$ cat input02.pdb   # PDB, C-alpha atoms
ATOM      1  CA  MET N   1     -39.622 -58.212   4.063
ATOM      2  CA  ARG N   2     -38.658 -60.167   7.184
ATOM      3  CA  ILE N   3     -41.060 -62.475   9.023
ATOM      4  CA  LEU N   4     -40.693 -64.262  12.377
ATOM      5  CA  VAL N   5     -42.557 -67.568  12.751
ATOM      6  CA  VAL N   6     -42.912 -68.823  16.335
ATOM      7  CA  GLU N   7     -44.287 -72.363  16.069
ATOM      8  CA  ASP N   8     -43.304 -75.515  17.967
ATOM      9  CA  GLU N   9     -44.777 -78.005  15.474
ATOM     10  CA  LYS N  10     -41.873 -78.541  13.081
ATOM     11  CA  GLY N  11     -44.050 -79.661  10.181
ATOM     12  CA  ILE N  12     -46.154 -76.509  10.288
ATOM     13  CA  ALA N  13     -43.113 -74.283  10.884
ATOM     14  CA  ASN N  14     -41.294 -75.778   7.888
ATOM     15  CA  PHE N  15     -44.421 -75.483   5.726
ATOM     16  CA  ILE N  16     -44.771 -71.777   6.520
ATOM     17  CA  HIS N  17     -41.010 -71.136   6.267
ATOM     18  CA  ASP N  18     -40.685 -72.765   2.841
ATOM     19  CA  GLY N  19     -43.822 -71.115   1.472
ATOM     20  CA  LEU N  20     -42.820 -67.615   2.570
ATOM     21  CA  LYS N  21     -39.252 -68.110   1.311
ATOM     22  CA  GLU N  22     -40.644 -69.034  -2.117
ATOM     23  CA  GLU N  23     -42.570 -65.760  -2.066
ATOM     24  CA  GLY N  24     -39.345 -63.820  -1.471
ATOM     25  CA  PHE N  25     -39.620 -63.186   2.275
ATOM     26  CA  ALA N  26     -36.725 -63.524   4.707
ATOM     27  CA  VAL N  27     -37.953 -65.901   7.412
ATOM     28  CA  ASP N  28     -36.710 -66.710  10.924
ATOM     29  CA  VAL N  29     -38.212 -69.559  12.936
ATOM     30  CA  ALA N  30     -38.364 -70.081  16.719
ATOM     31  CA  GLY N  31     -39.623 -73.302  18.274
ATOM     32  CA  ASN N  32     -40.584 -71.843  21.647
ATOM     33  CA  GLY N  33     -41.932 -68.619  23.109
ATOM     34  CA  ILE N  34     -38.792 -67.641  24.989
ATOM     35  CA  LEU N  35     -36.616 -67.712  21.864
ATOM     36  CA  GLY N  36     -39.412 -66.041  19.924
ATOM     37  CA  LEU N  37     -39.539 -63.133  22.358
ATOM     38  CA  GLU N  38     -35.752 -62.781  22.295
ATOM     39  CA  LEU N  39     -35.703 -62.637  18.493
ATOM     40  CA  ALA N  40     -38.646 -60.220  18.363
ATOM     41  CA  GLN N  41     -36.932 -57.887  20.826
ATOM     42  CA  THR N  42     -33.553 -57.893  19.071
ATOM     43  CA  ASN N  43     -34.516 -57.897  15.380
ATOM     44  CA  ASP N  44     -36.601 -55.675  13.132
ATOM     45  CA  TYR N  45     -39.508 -57.720  11.710
ATOM     46  CA  ASP N  46     -42.286 -56.707   9.353
ATOM     47  CA  CYS N  47     -44.736 -59.276  10.740
ATOM     48  CA  LEU N  48     -44.883 -61.996  13.437
ATOM     49  CA  LEU N  49     -46.750 -65.303  13.112
ATOM     50  CA  LEU N  50     -47.332 -66.709  16.612
ATOM     51  CA  ASP N  51     -48.718 -70.068  17.618
ATOM     52  CA  TRP N  52     -51.109 -69.710  20.561
ATOM     53  CA  MET N  53     -49.770 -72.650  22.607
ATOM     54  CA  LEU N  54     -45.973 -72.608  22.876
ATOM     55  CA  PRO N  55     -43.457 -74.152  25.292
ATOM     56  CA  GLY N  56     -41.669 -71.755  27.620
ATOM     57  CA  LEU N  57     -43.896 -68.760  26.889
ATOM     58  CA  SER N  58     -47.321 -68.824  25.255
ATOM     59  CA  GLY N  59     -48.166 -66.776  22.192
ATOM     60  CA  ILE N  60     -50.523 -64.705  24.341
ATOM     61  CA  GLU N  61     -47.745 -63.929  26.832
ATOM     62  CA  LEU N  62     -45.317 -63.129  24.025
ATOM     63  CA  CYS N  63     -47.815 -60.769  22.406
ATOM     64  CA  ARG N  64     -48.524 -59.025  25.719
ATOM     65  CA  ALA N  65     -44.800 -58.588  26.404
ATOM     66  CA  LEU N  66     -44.230 -56.932  23.033
ATOM     67  CA  ARG N  67     -47.223 -54.631  23.351
ATOM     68  CA  LYS N  68     -46.052 -53.550  26.817
ATOM     69  CA  GLU N  69     -42.827 -52.451  25.130
ATOM     70  CA  ASN N  70     -44.963 -50.399  22.724
ATOM     71  CA  SER N  71     -43.984 -52.591  19.790
ATOM     72  CA  SER N  72     -46.333 -51.986  16.860
ATOM     73  CA  VAL N  73     -45.147 -54.905  14.720
ATOM     74  CA  PRO N  74     -48.147 -56.680  13.119
ATOM     75  CA  ILE N  75     -48.951 -59.972  14.903
ATOM     76  CA  ILE N  76     -51.024 -62.831  13.504
ATOM     77  CA  PHE N  77     -52.022 -65.718  15.779
ATOM     78  CA  LEU N  78     -51.947 -69.278  14.418
ATOM     79  CA  THR N  79     -54.149 -71.545  16.509
ATOM     80  CA  ALA N  80     -56.496 -74.513  16.631
ATOM     81  CA  LYS N  81     -58.795 -72.625  19.030
ATOM     82  CA  ASP N  82     -61.982 -71.765  17.208
ATOM     83  CA  THR N  83     -64.529 -70.128  19.502
ATOM     84  CA  VAL N  84     -65.626 -66.511  19.218
ATOM     85  CA  ALA N  85     -64.395 -65.941  22.777
ATOM     86  CA  ASP N  86     -60.930 -67.192  21.839
ATOM     87  CA  THR N  87     -60.830 -64.914  18.797
ATOM     88  CA  VAL N  88     -61.880 -61.871  20.821
ATOM     89  CA  PHE N  89     -59.410 -62.708  23.592
ATOM     90  CA  GLY N  90     -56.530 -63.018  21.122
ATOM     91  CA  LEU N  91     -57.339 -59.712  19.442
ATOM     92  CA  GLU N  92     -57.806 -57.915  22.750
ATOM     93  CA  THR N  93     -54.363 -59.148  23.801
ATOM     94  CA  GLY N  94     -52.914 -57.052  20.998
ATOM     95  CA  ALA N  95     -52.884 -59.306  17.933
ATOM     96  CA  ASN N  96     -53.791 -57.777  14.572
ATOM     97  CA  ASP N  97     -55.276 -60.918  13.063
ATOM     98  CA  TYR N  98     -56.114 -64.534  13.792
ATOM     99  CA  ILE N  99     -56.046 -67.582  11.501
ATOM    100  CA  LYS N 100     -57.324 -71.017  12.469
ATOM    101  CA  LYS N 101     -55.471 -74.261  11.856
ATOM    102  CA  PRO N 102     -55.544 -75.976   9.470
ATOM    103  CA  PHE N 103     -55.243 -73.082   7.032
ATOM    104  CA  ASP N 104     -54.591 -72.579   3.344
ATOM    105  CA  PHE N 105     -51.172 -71.063   2.671
ATOM    106  CA  ASN N 106     -52.585 -68.574   0.167
ATOM    107  CA  GLU N 107     -54.924 -67.240   2.839
ATOM    108  CA  LEU N 108     -52.030 -66.889   5.278
ATOM    109  CA  LEU N 109     -49.948 -65.108   2.637
ATOM    110  CA  ALA N 110     -52.793 -62.705   1.889
ATOM    111  CA  ARG N 111     -53.215 -61.898   5.585
ATOM    112  CA  VAL N 112     -49.475 -61.281   6.004
ATOM    113  CA  ARG N 113     -49.466 -58.881   3.064
ATOM    114  CA  VAL N 114     -52.531 -57.056   4.379
ATOM    115  CA  GLN N 115     -50.861 -56.514   7.753
ATOM    116  CA  ILE N 116     -47.616 -55.276   6.205
ATOM    117  CA  ARG N 117     -49.573 -52.956   3.948
ATOM    118  CA  SER N 118     -51.652 -51.632   6.846
ATOM    119  CA  ALA N 119     -48.516 -51.000   8.892
ATOM    120  CA  GLU N 120     -47.285 -48.803   6.061
ATOM    121  CA  ASP N 121     -50.436 -46.659   5.898
ATOM    122  CA  GLY N 122     -52.084 -48.764   3.218
ATOM    123  CA  ASN N 123     -49.533 -47.883   0.560
ATOM    124  CA  ASN N 124     -49.453 -51.056  -1.485
ATOM    125  CA  ILE N 125     -48.210 -49.927  -4.907
ATOM    126  CA  LEU N 126     -44.600 -48.782  -4.646
ATOM    127  CA  GLN N 127     -43.229 -46.237  -7.081
ATOM    128  CA  CYS N 128     -40.054 -44.299  -7.749
ATOM    129  CA  ASN N 129     -39.500 -42.292 -10.920
ATOM    130  CA  ASP N 130     -40.744 -44.475 -13.816
ATOM    131  CA  ILE N 131     -40.686 -47.760 -11.874
ATOM    132  CA  THR N 132     -43.816 -49.244 -10.284
ATOM    133  CA  LEU N 133     -43.840 -52.387  -8.118
ATOM    134  CA  ASN N 134     -46.973 -54.279  -7.076
ATOM    135  CA  PRO N 135     -46.278 -56.722  -4.190
ATOM    136  CA  ASP N 136     -49.636 -58.490  -4.648
ATOM    137  CA  THR N 137     -49.193 -59.359  -8.316
ATOM    138  CA  HIS N 138     -45.384 -59.579  -8.134
ATOM    139  CA  GLN N 139     -45.042 -57.250 -11.094
ATOM    140  CA  VAL N 140     -42.495 -54.551 -11.828
ATOM    141  CA  ILE N 141     -43.392 -52.070 -14.564
ATOM    142  CA  LYS N 142     -41.102 -49.504 -16.158
ATOM    143  CA  ASN N 143     -42.479 -47.198 -18.810
ATOM    144  CA  GLN N 144     -45.524 -49.484 -19.245
ATOM    145  CA  LYS N 145     -43.325 -52.530 -19.850
ATOM    146  CA  GLU N 146     -43.013 -55.407 -17.396
ATOM    147  CA  ILE N 147     -39.558 -56.349 -16.134
ATOM    148  CA  SER N 148     -38.904 -59.980 -15.235
ATOM    149  CA  LEU N 149     -37.128 -60.408 -11.879
ATOM    150  CA  THR N 150     -36.157 -63.419  -9.794
ATOM    151  CA  ALA N 151     -37.757 -63.744  -6.344
ATOM    152  CA  LYS N 152     -34.641 -62.406  -4.623
ATOM    153  CA  GLU N 153     -34.244 -59.523  -7.086
ATOM    154  CA  PHE N 154     -37.895 -58.619  -6.538
ATOM    155  CA  SER N 155     -37.477 -58.699  -2.742
ATOM    156  CA  LEU N 156     -34.386 -56.508  -2.922
ATOM    157  CA  LEU N 157     -36.101 -53.952  -5.151
ATOM    158  CA  GLU N 158     -39.202 -53.988  -2.927
ATOM    159  CA  PHE N 159     -37.092 -53.298   0.162
ATOM    160  CA  LEU N 160     -35.281 -50.404  -1.518
ATOM    161  CA  LEU N 161     -38.588 -48.928  -2.714
ATOM    162  CA  ARG N 162     -40.219 -49.255   0.710
ATOM    163  CA  ASN N 163     -37.269 -47.262   2.027
ATOM    164  CA  LYS N 164     -37.206 -44.739  -0.822
ATOM    165  CA  GLY N 165     -35.100 -41.732   0.086
ATOM    166  CA  LYS N 166     -33.279 -43.600   2.860
ATOM    167  CA  VAL N 167     -29.836 -45.179   2.738
ATOM    168  CA  CYS N 168     -30.165 -48.950   3.205
ATOM    169  CA  SER N 169     -27.082 -50.449   4.818
ATOM    170  CA  ARG N 170     -25.832 -53.916   3.906
ATOM    171  CA  THR N 171     -26.777 -55.104   7.393
ATOM    172  CA  ARG N 172     -30.409 -54.019   6.974
ATOM    173  CA  ILE N 173     -30.567 -55.504   3.496
ATOM    174  CA  ILE N 174     -29.194 -58.846   4.728
ATOM    175  CA  GLU N 175     -31.700 -58.876   7.601
ATOM    176  CA  HIS N 176     -34.761 -58.048   5.497
ATOM    177  CA  VAL N 177     -34.036 -59.584   2.116
ATOM    178  CA  TRP N 178     -32.144 -62.652   3.267
ATOM    179  CA  ASP N 179     -32.442 -63.772   6.904
ATOM    180  CA  MET N 180     -30.583 -64.213  10.184
ATOM    181  CA  HIS N 181     -29.050 -67.498   9.008
ATOM    182  CA  PHE N 182     -27.454 -65.950   5.934
ATOM    183  CA  ASP N 183     -23.729 -66.077   6.637
ATOM    184  CA  ALA N 184     -22.115 -65.704   3.220
ATOM    185  CA  ASP N 185     -19.934 -62.790   2.180
ATOM    186  CA  THR N 186     -22.117 -59.670   2.010
ATOM    187  CA  SER N 187     -20.604 -58.948  -1.411
ATOM    188  CA  VAL N 188     -23.538 -61.020  -2.712
ATOM    189  CA  ILE N 189     -25.598 -57.865  -2.191
ATOM    190  CA  ASP N 190     -23.407 -56.019  -4.683
ATOM    191  CA  VAL N 191     -23.964 -58.838  -7.164
ATOM    192  CA  TYR N 192     -27.747 -58.569  -6.862
ATOM    193  CA  ILE N 193     -27.627 -54.777  -7.050
ATOM    194  CA  ASN N 194     -25.782 -55.145 -10.354
ATOM    195  CA  TYR N 195     -28.383 -57.642 -11.569
ATOM    196  CA  LEU N 196     -31.120 -55.118 -10.796
ATOM    197  CA  ARG N 197     -29.305 -52.233 -12.419
ATOM    198  CA  LYS N 198     -28.851 -54.202 -15.635
ATOM    199  CA  LYS N 199     -32.530 -55.169 -15.745
ATOM    200  CA  LEU N 200     -33.850 -51.727 -14.844
ATOM    201  CA  ASP N 201     -31.576 -49.903 -17.259
ATOM    202  CA  PRO N 202     -29.591 -52.170 -19.619
ATOM    203  CA  ALA N 203     -27.976 -49.168 -21.304
ATOM    204  CA  GLY N 204     -26.773 -47.745 -17.984
ATOM    205  CA  GLU N 205     -28.119 -44.284 -18.797
ATOM    206  CA  LYS N 206     -29.893 -43.533 -15.501
ATOM    207  CA  LYS N 207     -29.158 -43.951 -11.799
ATOM    208  CA  TYR N 208     -32.016 -46.018 -10.406
ATOM    209  CA  ILE N 209     -29.985 -47.345  -7.466
ATOM    210  CA  GLU N 210     -27.225 -45.166  -6.047
ATOM    211  CA  THR N 211     -24.237 -46.453  -4.116
ATOM    212  CA  ILE N 212     -23.430 -44.437  -1.005
ATOM    213  CA  ARG N 213     -19.816 -45.288  -0.390
ATOM    214  CA  GLY N 214     -19.260 -46.852   3.027
ATOM    215  CA  ALA N 215     -22.991 -46.712   3.873
ATOM    216  CA  GLY N 216     -25.111 -48.743   1.463
ATOM    217  CA  TYR N 217     -27.626 -48.113  -1.308
ATOM    218  CA  ILE N 218     -30.503 -45.722  -1.939
ATOM    219  CA  MET N 219     -33.341 -45.167  -4.397
ATOM    220  CA  ARG N 220     -34.705 -41.624  -4.620
ATOM    221  CA  GLU N 221     -36.683 -39.417  -6.920
ATOM    222  CA  TRP N 222     -34.688 -37.718  -9.624
ATOM    223  CA  GLN N 223     -34.337 -33.956  -9.405
TER     224      GLN N 223
END
$ encode --input "input02.pdb" --output "structure tokens"
Amino acid sequence: MRILVVEDEKGIANFIHDGLKEEGFAVDVAGNGILGLELAQTNDYDCLLLDWMLPGLSGIELCRALRKENSSVPIIFLTAKDTVADTVFGLETGANDYIKKPFDFNELLARVRVQIRSAEDGNNILQCNDITLNPDTHQVIKNQKEISLTAKEFSLLEFLLRNKGKVCSRTRIIEHVWDMHFDADTSVIDVYINYLRKKLDPAGEKKYIETIRGAGYIMREWQ
């Protein structure tokens, strides 16, 4: 899952960036509204975290611009404003949620997950064949047994499951599982796919993740 954080206070931006990265998210950060709008218009994000007061373009203006383009990406405002009128104004602008500074990271994380889940019609538990993944508890179960995955392996599997039945190109995987600053050889994706395959099926008896030559990878229900 890929998140855009638009926040001009470096300490807060770094705090959010590091916390979300530890949870397995790919995270991009913009320090002003103009760059934030540019990134939001050119990349595919699962959720935006916008500071209210930003240099160049305010969070309110950024939100309005995206909604005018019919963007439905979930938006959460981060702000020190705390009146009911401010909350109503922010939501009426087009934001999905609103969290007041200072905030607890666990609360922010919960709100991000709620918005992503809501954007996907409330489908929180992901399943394909005999594999079940719960994003909230960070658990992967196969045949009633839990499989231990690293944060990056979990994020990769989650992305493939959220796109079950669709071919996921290396570009989309890099964008959503890593982030825009990831510039290493994309063969690292193949390495992590192999890690997953070995953990999901050590004996190599079943095709949980298929390789589509020249296109990417796919998970789909067995016939």
$ resolve_selection --input "input02.pdb" --expression "the PyMOL selection byres ((chain N and resi 216) around 8)" --output "NGL selection string"
:N and (167-170 or 211-215 or 217-218)
$ atom_distance --input "input02.pdb" --atom1 "atom CA of Leu108 of chain N" --atom2 "atom CA of Leu196 of chain N"
28.9 Å
$ residues_near_point --input "input02.pdb" --point "(-46.9, -70.5, 17.7)" --cutoff "12 Å" --atoms "only C-alpha atoms" --output "ChimeraX atom specification"
/N:4-10,12-13,16,29-37,48-63,75-80,98-101
$ axis_aligned_box --input "input02.pdb" --around "segment 56-62 of chain N" --padding-each-side "5 Å" --output "lines of an AutoDock Vina configuration file"
center_x = -46.1
center_y = -67.4
center_z = 24.9
size_x = 18.9
size_y = 18.6
size_z = 15.4
$ residues_around --input "input02.pdb" --residues "Lys152 of chain N" --least-positions-apart "4" --cutoff "10 Å" --atoms "all atoms listed in the file" --output "count of residues only"
12
$ resolve_selection --input "input02.pdb" --expression "the PyMOL selection byres ((chain N and resi 199) around 12)" --output "list of chain:residue names"
N:Ile131, N:Val140, N:Ile141, N:Lys142, N:Lys145, N:Glu146, N:Ile147, N:Ser148, N:Leu149, N:Thr150, N:Glu153, N:Phe154, N:Leu157, N:Tyr192, N:Ile193, N:Asn194, N:Tyr195, N:Leu196, N:Arg197, N:Lys198, N:Leu200, N:Asp201, N:Pro202, N:Ala203, N:Gly204, N:Lys206, N:Tyr208, N:Ile209
$ closest_residue --input "input02.pdb" --among "N:Glu210, N:Glu221, N:Glu69, N:Asp190" --to "Gly165 of chain N" --atoms "all atoms listed in the file"
N:Glu221
$ atom_distance --input "input02.pdb" --atom1 "atom CA of Met1 of chain N" --atom2 "atom CA of Glu205 of chain N"
29.1 Å
$ resolve_selection --input "input02.pdb" --expression "the PyMOL selection byres ((chain N and resi 93) around 9)" --output "list in words"
Ile60, Glu61, Cys63, Arg64, Arg67, Val88, Phe89, Gly90, Leu91, Glu92, Gly94 and Ala95 of chain N
$ atom_distance --input "input02.pdb" --atom1 "atom CA of Phe103 of chain N" --atom2 "atom CA of Ile174 of chain N"
29.8 Å
$ closest_residue --input "input02.pdb" --among "N:Leu133, N:Met219, N:Leu126, N:Val191" --to "Lys166 of chain N" --atoms "only C-alpha atoms"
N:Met219
$ closest_residue --input "input02.pdb" --among "N:Ile189, N:Leu109, N:Val73, N:Leu161" --to "Ile173 of chain N" --atoms "all atoms listed in the file"
N:Ile189
